[in-house]
Every structure is written in structure tokens, then in C-alpha cells.
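So this one's input.pdb, PDB, C-alpha atoms, pLDDT in the B column:
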ATOM      1  CA  MET A   1       0.000   0.000   0.000  1.00 55.00           C
ATOM      2  CA  ASN A   2       2.871   2.363   0.808  1.00 64.00           C
ATOM      3  CA  HIS A   3       4.307   1.735  -2.668  1.00 66.00           C
ATOM      4  CA  ALA A   4       1.048   2.810  -4.275  1.00 68.00           C
ATOM      5  CA  LEU A   5       1.412   6.268  -2.702  1.00 65.00           C
ATOM      6  CA  LEU A   6       5.168   6.526  -3.177  1.00 65.00           C
ATOM      7  CA  ILE A   7       5.204   5.955  -6.950  1.00 72.00           C
ATOM      8  CA  PRO A   8       2.832   8.829  -7.907  1.00 67.00           C
ATOM      9  CA  LEU A   9       4.673  11.113  -5.475  1.00 61.00           C
ATOM     10  CA  LEU A  10       8.035  10.351  -7.107  1.00 61.00           C
ATOM     11  CA  ALA A  11       6.535  10.794 -10.583  1.00 64.00           C
ATOM     12  CA  ALA A  12       5.228  14.233  -9.580  1.00 61.00           C
ATOM     13  CA  VAL A  13       8.641  15.265  -8.218  1.00 55.00           C
ATOM     14  CA  PHE A  14      10.420  14.205 -11.409  1.00 59.00           C
ATOM     15  CA  ALA A  15       7.819  15.877 -13.637  1.00 56.00           C
ATOM     16  CA  ALA A  16       8.113  19.145 -11.713  1.00 52.00           C
ATOM     17  CA  ASN A  17      11.883  18.911 -11.931  1.00 52.00           C
ATOM     18  CA  SER A  18      11.801  18.523 -15.710  1.00 54.00           C
ATOM     19  CA  TYR A  19       9.561  21.577 -16.102  1.00 53.00           C
ATOM     20  CA  SER A  20      11.888  23.706 -14.016  1.00 52.00           C
ATOM     21  CA  GLN A  21      14.602  23.657 -16.726  1.00 61.00           C
ATOM     22  CA  GLU A  22      15.675  27.132 -17.698  1.00 71.00           C
ATOM     23  CA  ARG A  23      15.462  28.456 -21.209  1.00 79.00           C
ATOM     24  CA  ILE A  24      18.704  28.110 -23.137  1.00 82.00           C
ATOM     25  CA  TYR A  25      19.866  30.654 -25.732  1.00 82.00           C
ATOM     26  CA  ARG A  26      22.409  30.074 -28.450  1.00 84.00           C
ATOM     27  CA  CYS A  27      24.730  32.917 -29.348  1.00 86.00           C
ATOM     28  CA  GLY A  28      26.846  31.600 -32.222  1.00 82.00           C
ATOM     29  CA  ASN A  29      28.993  28.853 -30.689  1.00 79.00           C
ATOM     30  CA  GLU A  30      28.167  29.944 -27.165  1.00 82.00           C
ATOM     31  CA  TYR A  31      25.200  28.950 -24.978  1.00 80.00           C
ATOM     32  CA  THR A  32      23.712  30.965 -22.129  1.00 81.00           C
ATOM     33  CA  ASN A  33      20.679  30.830 -19.843  1.00 81.00           C
ATOM     34  CA  THR A  34      20.557  34.501 -18.851  1.00 83.00           C
ATOM     35  CA  ALA A  35      17.672  36.049 -20.764  1.00 82.00           C
ATOM     36  CA  PRO A  36      18.620  39.785 -20.509  1.00 85.00           C
ATOM     37  CA  ASN A  37      22.169  39.096 -21.713  1.00 82.00           C
ATOM     38  CA  ALA A  38      20.881  36.861 -24.535  1.00 80.00           C
ATOM     39  CA  GLN A  39      18.341  39.458 -25.729  1.00 83.00           C
ATOM     40  CA  THR A  40      20.935  42.221 -25.928  1.00 88.00           C
ATOM     41  CA  ARG A  41      23.268  40.001 -27.938  1.00 86.00           C
ATOM     42  CA  GLY A  42      20.495  38.822 -30.280  1.00 86.00           C
ATOM     43  CA  CYS A  43      20.705  35.152 -29.301  1.00 89.00           C
ATOM     44  CA  LYS A  44      18.148  32.551 -30.407  1.00 86.00           C
ATOM     45  CA  LEU A  45      16.047  30.507 -28.002  1.00 83.00           C
ATOM     46  CA  MET A  46      16.819  26.770 -28.230  1.00 81.00           C
ATOM     47  CA  ASP A  47      13.825  24.450 -28.456  1.00 79.00           C
ATOM     48  CA  GLY A  48      14.012  20.866 -27.295  1.00 72.00           C
ATOM     49  CA  GLY A  49      15.845  19.003 -24.562  1.00 63.00           C
ATOM     50  CA  ASN A  50      18.805  19.830 -22.414  1.00 68.00           C
ATOM     51  CA  VAL A  51      22.034  21.098 -23.891  1.00 69.00           C
ATOM     52  CA  THR A  52      25.346  19.665 -22.746  1.00 73.00           C
ATOM     53  CA  VAL A  53      28.486  21.589 -23.634  1.00 70.00           C
ATOM     54  CA  VAL A  54      31.841  19.887 -23.183  1.00 74.00           C
ATOM     55  CA  GLN A  55      34.848  22.158 -23.177  1.00 76.00           C
ATOM     56  CA  GLY A  56      37.455  20.914 -25.651  1.00 77.00           C
ATOM     57  CA  THR A  57      41.186  21.189 -25.389  1.00 81.00           C
ATOM     58  CA  ARG A  58      43.036  23.927 -27.166  1.00 78.00           C
ATOM     59  CA  PRO A  59      45.090  22.811 -30.169  1.00 77.00           C
ATOM     60  CA  ALA A  60      48.831  22.661 -29.633  1.00 75.00           C
ATOM     61  CA  ALA A  61      50.811  25.690 -30.668  1.00 72.00           C
ATOM     62  CA  SER A  62      51.902  25.430 -34.271  1.00 68.00           C
ATOM     63  CA  ALA A  63      55.559  24.872 -35.079  1.00 63.00           C
ATOM     64  CA  PRO A  64      57.578  28.032 -35.579  1.00 63.00           C
ATOM     65  CA  ALA A  65      57.961  29.130 -39.170  1.00 60.00           C
ATOM     66  CA  ARG A  66      61.122  27.982 -40.928  1.00 59.00           C
ATOM     67  CA  PRO A  67      63.540  30.515 -42.256  1.00 55.00           C
ATOM     68  CA  PRO A  68      63.354  30.949 -46.039  1.00 53.00           C
ATOM     69  CA  ALA A  69      66.789  29.356 -46.575  1.00 51.00           C
ATOM     70  CA  ALA A  70      65.718  26.099 -44.876  1.00 47.00           C
ATOM     71  CA  SER A  71      62.537  25.817 -46.898  1.00 46.00           C
ATOM     72  CA  ALA A  72      64.420  26.424 -50.141  1.00 48.00           C
ATOM     73  CA  ALA A  73      66.910  23.652 -49.345  1.00 48.00           C
ATOM     74  CA  ALA A  74      64.176  21.112 -48.573  1.00 48.00           C
ATOM     75  CA  PRO A  75      61.291  21.519 -51.025  1.00 53.00           C
ATOM     76  CA  GLY A  76      59.568  18.353 -49.724  1.00 57.00           C
ATOM     77  CA  GLY A  77      59.313  19.822 -46.243  1.00 60.00           C
ATOM     78  CA  GLY A  78      61.842  17.332 -44.785  1.00 74.00           C
ATOM     79  CA  GLN A  79      65.440  17.859 -43.906  1.00 83.00           C
ATOM     80  CA  ARG A  80      68.198  16.940 -46.339  1.00 87.00           C
ATOM     81  CA  VAL A  81      70.469  14.063 -45.385  1.00 84.00           C
ATOM     82  CA  ASP A  82      74.116  13.864 -46.293  1.00 90.00           C
ATOM     83  CA  ALA A  83      74.843  11.342 -49.095  1.00 88.00           C
ATOM     84  CA  GLY A  84      77.220   9.366 -46.869  1.00 90.00           C
ATOM     85  CA  ASP A  85      74.622   9.146 -44.101  1.00 91.00           C
ATOM     86  CA  GLN A  86      71.990   8.026 -46.596  1.00 88.00           C
ATOM     87  CA  LYS A  87      74.277   5.297 -47.947  1.00 89.00           C
ATOM     88  CA  SER A  88      74.955   4.003 -44.450  1.00 91.00           C
ATOM     89  CA  ARG A  89      71.236   4.026 -43.677  1.00 90.00           C
ATOM     90  CA  ASP A  90      70.505   2.158 -46.887  1.00 90.00           C
ATOM     91  CA  SER A  91      73.195  -0.427 -46.147  1.00 91.00           C
ATOM     92  CA  ASP A  92      71.815  -0.882 -42.614  1.00 93.00           C
ATOM     93  CA  ALA A  93      68.293  -1.294 -44.003  1.00 92.00           C
ATOM     94  CA  ARG A  94      69.560  -3.797 -46.579  1.00 94.00           C
ATOM     95  CA  ARG A  95      71.388  -5.797 -43.895  1.00 95.00           C
ATOM     96  CA  ILE A  96      68.297  -5.873 -41.680  1.00 95.00           C
ATOM     97  CA  LEU A  97      66.075  -6.942 -44.571  1.00 95.00           C
ATOM     98  CA  GLU A  98      68.511  -9.684 -45.570  1.00 95.00           C
ATOM     99  CA  THR A  99      68.518 -10.981 -41.982  1.00 96.00           C
ATOM    100  CA  GLU A 100      64.725 -10.948 -41.920  1.00 96.00           C
ATOM    101  CA  LEU A 101      64.642 -12.757 -45.258  1.00 96.00           C
ATOM    102  CA  LYS A 102      66.926 -15.508 -43.934  1.00 97.00           C
ATOM    103  CA  LYS A 103      64.697 -15.923 -40.854  1.00 97.00           C
ATOM    104  CA  ALA A 104      61.547 -16.059 -42.988  1.00 97.00           C
ATOM    105  CA  GLU A 105      63.091 -18.606 -45.370  1.00 97.00           C
ATOM    106  CA  ALA A 106      64.206 -20.780 -42.438  1.00 97.00           C
ATOM    107  CA  ARG A 107      60.682 -20.580 -40.996  1.00 97.00           C
ATOM    108  CA  GLN A 108      59.243 -21.496 -44.415  1.00 97.00           C
ATOM    109  CA  ALA A 109      61.492 -24.588 -44.609  1.00 96.00           C
ATOM    110  CA  GLU A 110      60.428 -25.590 -41.083  1.00 96.00           C
ATOM    111  CA  LEU A 111      56.728 -25.154 -41.934  1.00 95.00           C
ATOM    112  CA  LEU A 112      57.089 -27.144 -45.164  1.00 95.00           C
ATOM    113  CA  LYS A 113      58.774 -29.971 -43.274  1.00 94.00           C
ATOM    114  CA  GLU A 114      55.994 -29.996 -40.658  1.00 93.00           C
ATOM    115  CA  TYR A 115      53.271 -29.735 -43.333  1.00 94.00           C
ATOM    116  CA  ASN A 116      54.674 -32.828 -45.122  1.00 92.00           C
ATOM    117  CA  ASN A 117      52.785 -32.241 -48.400  1.00 90.00           C
ATOM    118  CA  GLY A 118      49.443 -31.920 -46.626  1.00 88.00           C
ATOM    119  CA  GLU A 119      49.870 -35.013 -44.422  1.00 90.00           C
ATOM    120  CA  PRO A 120      51.595 -33.942 -41.202  1.00 91.00           C
ATOM    121  CA  GLU A 121      52.221 -36.441 -38.413  1.00 92.00           C
ATOM    122  CA  LYS A 122      49.363 -36.702 -35.937  1.00 91.00           C
ATOM    123  CA  ILE A 123      50.258 -35.423 -32.486  1.00 90.00           C
ATOM    124  CA  GLY A 124      48.505 -35.626 -29.118  1.00 87.00           C
ATOM    125  CA  GLY A 125      44.773 -36.250 -29.252  1.00 87.00           C
ATOM    126  CA  GLU A 126      44.561 -35.884 -33.036  1.00 88.00           C
ATOM    127  CA  ALA A 127      44.459 -39.679 -33.474  1.00 87.00           C
ATOM    128  CA  ARG A 128      41.113 -39.748 -31.676  1.00 91.00           C
ATOM    129  CA  ASN A 129      39.861 -36.337 -32.853  1.00 93.00           C
ATOM    130  CA  TYR A 130      40.146 -36.036 -36.637  1.00 92.00           C
ATOM    131  CA  GLN A 131      38.699 -32.497 -36.686  1.00 94.00           C
ATOM    132  CA  LYS A 132      41.549 -31.326 -34.484  1.00 93.00           C
ATOM    133  CA  TYR A 133      43.970 -32.773 -37.056  1.00 93.00           C
ATOM    134  CA  LEU A 134      42.149 -31.001 -39.909  1.00 94.00           C
ATOM    135  CA  ASP A 135      42.236 -27.710 -37.992  1.00 94.00           C
ATOM    136  CA  ARG A 136      46.002 -28.025 -37.513  1.00 94.00           C
ATOM    137  CA  ILE A 137      46.457 -28.747 -41.230  1.00 95.00           C
ATOM    138  CA  ALA A 138      44.433 -25.619 -42.065  1.00 95.00           C
ATOM    139  CA  GLU A 139      46.544 -23.551 -39.643  1.00 95.00           C
ATOM    140  CA  LEU A 140      49.751 -24.878 -41.183  1.00 95.00           C
ATOM    141  CA  LYS A 141      48.511 -24.098 -44.671  1.00 95.00           C
ATOM    142  CA  ALA A 142      47.572 -20.552 -43.630  1.00 96.00           C
ATOM    143  CA  SER A 143      50.957 -20.081 -41.929  1.00 96.00           C
ATOM    144  CA  LEU A 144      52.718 -21.238 -45.090  1.00 96.00           C
ATOM    145  CA  ALA A 145      50.767 -18.757 -47.220  1.00 96.00           C
ATOM    146  CA  ARG A 146      51.343 -15.918 -44.757  1.00 97.00           C
ATOM    147  CA  ASN A 147      55.061 -16.658 -44.546  1.00 97.00           C
ATOM    148  CA  GLU A 148      55.325 -16.859 -48.343  1.00 97.00           C
ATOM    149  CA  SER A 149      53.730 -13.416 -48.667  1.00 96.00           C
ATOM    150  CA  ASP A 150      56.146 -12.098 -46.012  1.00 96.00           C
ATOM    151  CA  ILE A 151      59.074 -13.414 -48.023  1.00 97.00           C
ATOM    152  CA  ALA A 152      57.705 -11.805 -51.198  1.00 96.00           C
ATOM    153  CA  GLY A 153      57.303  -8.480 -49.370  1.00 95.00           C
ATOM    154  CA  ILE A 154      60.844  -8.567 -48.021  1.00 95.00           C
ATOM    155  CA  ARG A 155      62.181  -9.325 -51.500  1.00 95.00           C
ATOM    156  CA  ARG A 156      60.193  -6.368 -52.895  1.00 94.00           C
ATOM    157  CA  GLU A 157      61.704  -4.096 -50.257  1.00 92.00           C
ATOM    158  CA  LEU A 158      65.184  -5.372 -51.050  1.00 93.00           C
ATOM    159  CA  GLY A 159      64.532  -4.585 -54.714  1.00 92.00           C
ATOM    160  CA  ARG A 160      63.554  -1.009 -53.829  1.00 90.00           C
ATOM    161  CA  ILE A 161      66.827  -0.306 -52.078  1.00 84.00           C
ATOM    162  CA  SER A 162      69.263   0.904 -54.691  1.00 62.00           C
ATOM    163  CA  PRO A 163      72.015  -1.595 -55.644  1.00 66.00           C
ATOM    164  CA  ALA A 164      74.589   1.210 -55.295  1.00 53.00           C
ATOM    165  CA  SER A 165      73.958   1.284 -51.572  1.00 51.00           C
ATOM    166  CA  ALA A 166      74.641  -2.454 -51.363  1.00 52.00           C
ATOM    167  CA  ALA A 167      78.314  -1.963 -52.279  1.00 53.00           C
ATOM    168  CA  PRO A 168      79.348  -0.504 -48.867  1.00 52.00           C
ATOM    169  CA  ALA A 169      77.493  -3.331 -47.109  1.00 48.00           C
ATOM    170  CA  ALA A 170      79.481  -5.961 -49.015  1.00 49.00           C
ATOM    171  CA  LYS A 171      82.858  -4.608 -47.797  1.00 45.00           C
TER     172      LYS A 171
END
What does this structure look like when you write it as C-alpha cells?
Amino acid sequence: MNHALLIPLLAAVFAANSYSQERIYRCGNEYTNTAPNAQTRGCKLMDGGNVTVVQGTRPAASAPARPPAASAAAPGGGQRVDAGDQKSRDSDARRILETELKKAEARQAELLKEYNNGEPEKIGGEARNYQKYLDRIAELKASLARNESDIAGIRRELGRISPASAAPAAK
């Protein structure tokens, strides 16, 4: 019985609370609820529900302008690198890519050996659970394809590095 009286009372409190919302005025990108100030500024009354305004962060200060000489030397916007430094960077990149290629090829040989032309050895509970065996075969096949595409990508990158930069690496 007490609940029957409490529910309408709460509903009345919430309804009265929703009607007590102040009028909101929009002045460009600014919102205000002071009517005299809004009328003098020519703000428009907002119709509808409540307005929530979240203050954003200010953008970071822009980088200082470059002197004209620096921008003329680097038309792409980046800094110029000495030819010797670039050659050493290229040789380092080539060495790293060659190392990665060797690792990927070794992994490919290991996967091929495990795959055994589509008939890998059954391990663990695969003798009793054929689906588990099929799932492992599918995983191996996917790993082989993924590794093959990795090898192709590394070879493409090696082809992009100029052969002239390979000469210092061979010394």
C-alpha cells in the first residue's frame, strides 16, 4: 500500500523537476541561460531538450615558421640528409632486410617440413579427434601462405633499395 502512494509522489517530483529547466539561448557557438544578456546580444532561443556543452582542449601551438633558406633547401618539407649518411642508412636497411629474409626462409622450410605435403604427423589427441587434425592442417597451410607473402614483401623491399647502396654493405 505504501508503494502505491510513493510511486505517484516520485513521478510528480520528477515531472516538476523537468519543467523547471531554464530556457537556453544560443549565441553563435556559445550557450547561455541569462535572458537579458541573450536578448541584448540577439541570441536565439533553443527548443528541445537539455544542452550539454563539453569544453574541448586547445590545439597545440603550431611549429615556428622555418627561415626561407631552410625551406628552399628542402622543397619536400623534410630535412636533407648527407649522401654518406643516406648510404649508411641504406646499407643498414639492406642488412636488416637480408637478416629478416633468412629468418623467414628458415621458418618457411620448417613449416614445409611440418606440413609434409598436406599429411603432417598426428600429435597428441589428433588420433582420436580427426577435426583437431584437420584444424592443424588448415593452420599450417595458412601459416605457409602468410610466410610466403612475407618473403615476397621482403624481397620487394630489397629490390627497392638501390644496388649502389649495397656496395658498402658488401665490404
Find the distance between atom CA of A:Leu111 and atom CA of A:Leu140 and write it in Å to one decimal.
7.0 Å
The residue from A:Thr57, A:Cys27, A:Tyr133, A:Thr32 with the smallest atom-to-atom distance to A:Lys44, counting all atoms listed in the file, is A:Cys27
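If you look at atom CA of A:Arg155 and atom CA of A:Ile137, they are 27.0 Å away from each other.
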Can you measure atom CA of A:Val81 to atom CA of A:Arg160 for me? One decimal in Å is fine.
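These two atoms are separated by 18.6 Å.
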Written as a ChimeraX atom specification, which residues does the PyMOL selection byres ((chain A and resi 115) around 10) give for the file shown?
/A:109-114,116-121,136-141,144
Kindly provide, as lines of an AutoDock Vina configuration file, the centre and edge lengths (Å, one decimal) of an axis-aligned box around all atoms of stretch 120-131 of chain A given in the file, with 5 Å on each side.
center_x = 45.5
center_y = -36.1
center_z = -35.2
size_x = 23.5
size_y = 17.3
size_z = 22.1
Compile the contact shell of A:Glu148 as a ChimeraX atom specification: residues with an atom at most 9 Å away, counting only C-alpha atoms, same-chain residues fewer than 3 positions apart removed.
/A:104-105,108,143-145,151-153
So, with only C-alpha atoms as the atoms that count, which of A:Ile154, A:Ile7, A:Ile24, A:Leu101 lies closest to A:Thr52?
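Among the listed residues, the smallest separation from A:Thr52 belongs to A:Ile24.
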